[in-house]
Amino acid sequence: GLDGIYLSTYNDSSSLGRKILASQMEPLAARKVMPCFDEPDFKANFKMEITSEDAYPLVLWNMPEAVDPVEVEEGWKKRIFEQSPKMSTYLLAFIIADFDCTPTSETLSGVKVRTCGQREAIAAGAGNYATDITTTIIEEYEKFYGVAFPLNKIDSVAV
């Protein structure tokens with residue numbers, strides 16, 4: 001099923017088959033990805049490094065990249081991400097894909113927001129509404145609950 005780490009495929013506008021490597025850790029799939037206590041009561045800080053082919057330039061994780069990607073061999077780059085705040089394993093997420101993203105929006109509190117998806121859809125503006133409404137929702141939640149969003153970015157991805 002679509003839990004743990006999974007491979008998905010789609011055809012781009014030229015009918016070329018493309019792959020997506022993504023994660024789905026909820027509710028109990030993190031234990032399929034790494035040794036862990038996959039329970040909400042057990043939280044930890046997480047560090048992530050992902051090495052991927054240049055053919056799949058979008059590489060995302062919960063946190064922003066800490067440094068510029070490093071070429072490890074021809075056609076492959078390693079990305080090192082910032083450490084997460086304490087969080088449950090079911091909240092971890094990453095994706096490797098040949099996708100584009102909308103321009104970054106920013107909430108009043110500085111959370112960076114964008115939406116990513118198939119290149120043609122993003123170029124046609126398909127992610128703009130999602131980016132705008134996500135920005136507004138985060139601002140309203142922060143105002144209503146009086147609690148800051150715990151991460152400095154949020155990427156929504158149309159898989």
# chains A, B, ... in the order shown; residues from 1 in each chain; ligands from 1
$ residues_around --residues "Ser13 (chain A)" --least-positions-apart "3" --cutoff "12 Å" --atoms "only C-alpha atoms" --output "list in words"
Tyr10, Leu16, Gly17, Arg18, Gln118, Arg119, Glu120 and Ala121 of chain A
$ residues_around --residues "Gly125 (chain A)" --least-positions-apart "5" --cutoff "12 Å" --atoms "only C-alpha atoms" --output "list in words"
Asp100, Cys101, Thr102, Pro103, Thr115, Cys116, Gly117, Gln118, Arg119, Glu120, Ala130, Thr131 and Asp132 of chain A
$ atom_distance --atom1 "CA of Pro150 (chain A)" --atom2 "CA of Pro85 (chain A)"
7.8 Å
$ closest_residue --among "A:Cys36, A:Val111, A:Met48, A:Ala55" --to "Glu139 (chain A)" --atoms "only C-alpha atoms"
A:Val111
$ closest_residue --among "A:Glu73, A:Glu106, A:Asp98, A:Glu82" --to "Pro57 (chain A)" --atoms "only C-alpha atoms"
A:Asp98
$ select_by_dssp --residues "chain A" --states "strand (DSSP E or B)" --output "NGL selection string"
:A and (4-11 or 17-24 or 44 or 49-53 or 58-61 or 65 or 70-73 or 76-81 or 87 or 94-97 or 99-101 or 105-106 or 112-118 or 153-157)
$ closest_atom_pairs --of "region 62-159 of chain A" --to "region 21-33 of chain A" --cutoff "9 Å" --atoms "only C-alpha atoms" --output "Markdown table"
| residue | atom | partner | partner_atom | distance |
| --- | --- | --- | --- | --- |
| A:Thr89 | CA | A:Ala30 | CA | 6.1 |
| A:Tyr90 | CA | A:Met25 | CA | 4.7 |
| A:Leu91 | CA | A:Met25 | CA | 6.7 |
| A:Leu92 | CA | A:Met25 | CA | 6.5 |
| A:Ala93 | CA | A:Ser23 | CA | 5.6 |
| A:Phe94 | CA | A:Ser23 | CA | 5.7 |
| A:Ile95 | CA | A:Ala22 | CA | 4.2 |
| A:Ile96 | CA | A:Leu21 | CA | 5.1 |
| A:Ala97 | CA | A:Leu21 | CA | 6.6 |
| A:Val159 | CA | A:Ala22 | CA | 8.5 |
$ write_last_selection --atoms "C-alpha atoms" --output "PDB file, in the first residue's frame"
ATOM      1  CA  THR A  89       7.473   9.918  13.691  1.00  0.00           C
ATOM      2  CA  TYR A  90       4.088   9.914  11.951  1.00  0.00           C
ATOM      3  CA  LEU A  91       4.644  13.579  11.034  1.00  0.00           C
ATOM      4  CA  LEU A  92       7.846  12.924   9.067  1.00  0.00           C
ATOM      5  CA  ALA A  93       7.519  13.334   5.314  1.00  0.00           C
ATOM      6  CA  PHE A  94       9.762  13.462   2.278  1.00  0.00           C
ATOM      7  CA  ILE A  95       9.436  13.320  -1.492  1.00  0.00           C
ATOM      8  CA  ILE A  96      11.775  13.011  -4.471  1.00  0.00           C
ATOM      9  CA  ALA A  97      10.219  14.021  -7.795  1.00  0.00           C
ATOM     10  CA  VAL A 159       1.101  13.467  -5.626  1.00  0.00           C
TER      11      VAL A 159
END
$ closest_residue --among "A:Thr107, A:Leu60, A:Ile122, A:Arg114" --to "Ile137 (chain A)" --atoms "only C-alpha atoms"
A:Thr107
$ select_by_dssp --residues "region 12-138 of chain A" --states "helix (DSSP H, G or I)" --output "list in words"
Ala30, Arg31, Lys32, Val33, Thr89, Tyr90, Leu91, Arg119, Glu120, Ala121, Ile122, Ala123, Asn128, Tyr129, Ala130, Thr131, Asp132, Ile133, Thr134, Thr135, Thr136, Ile137 and Ile138 of chain A
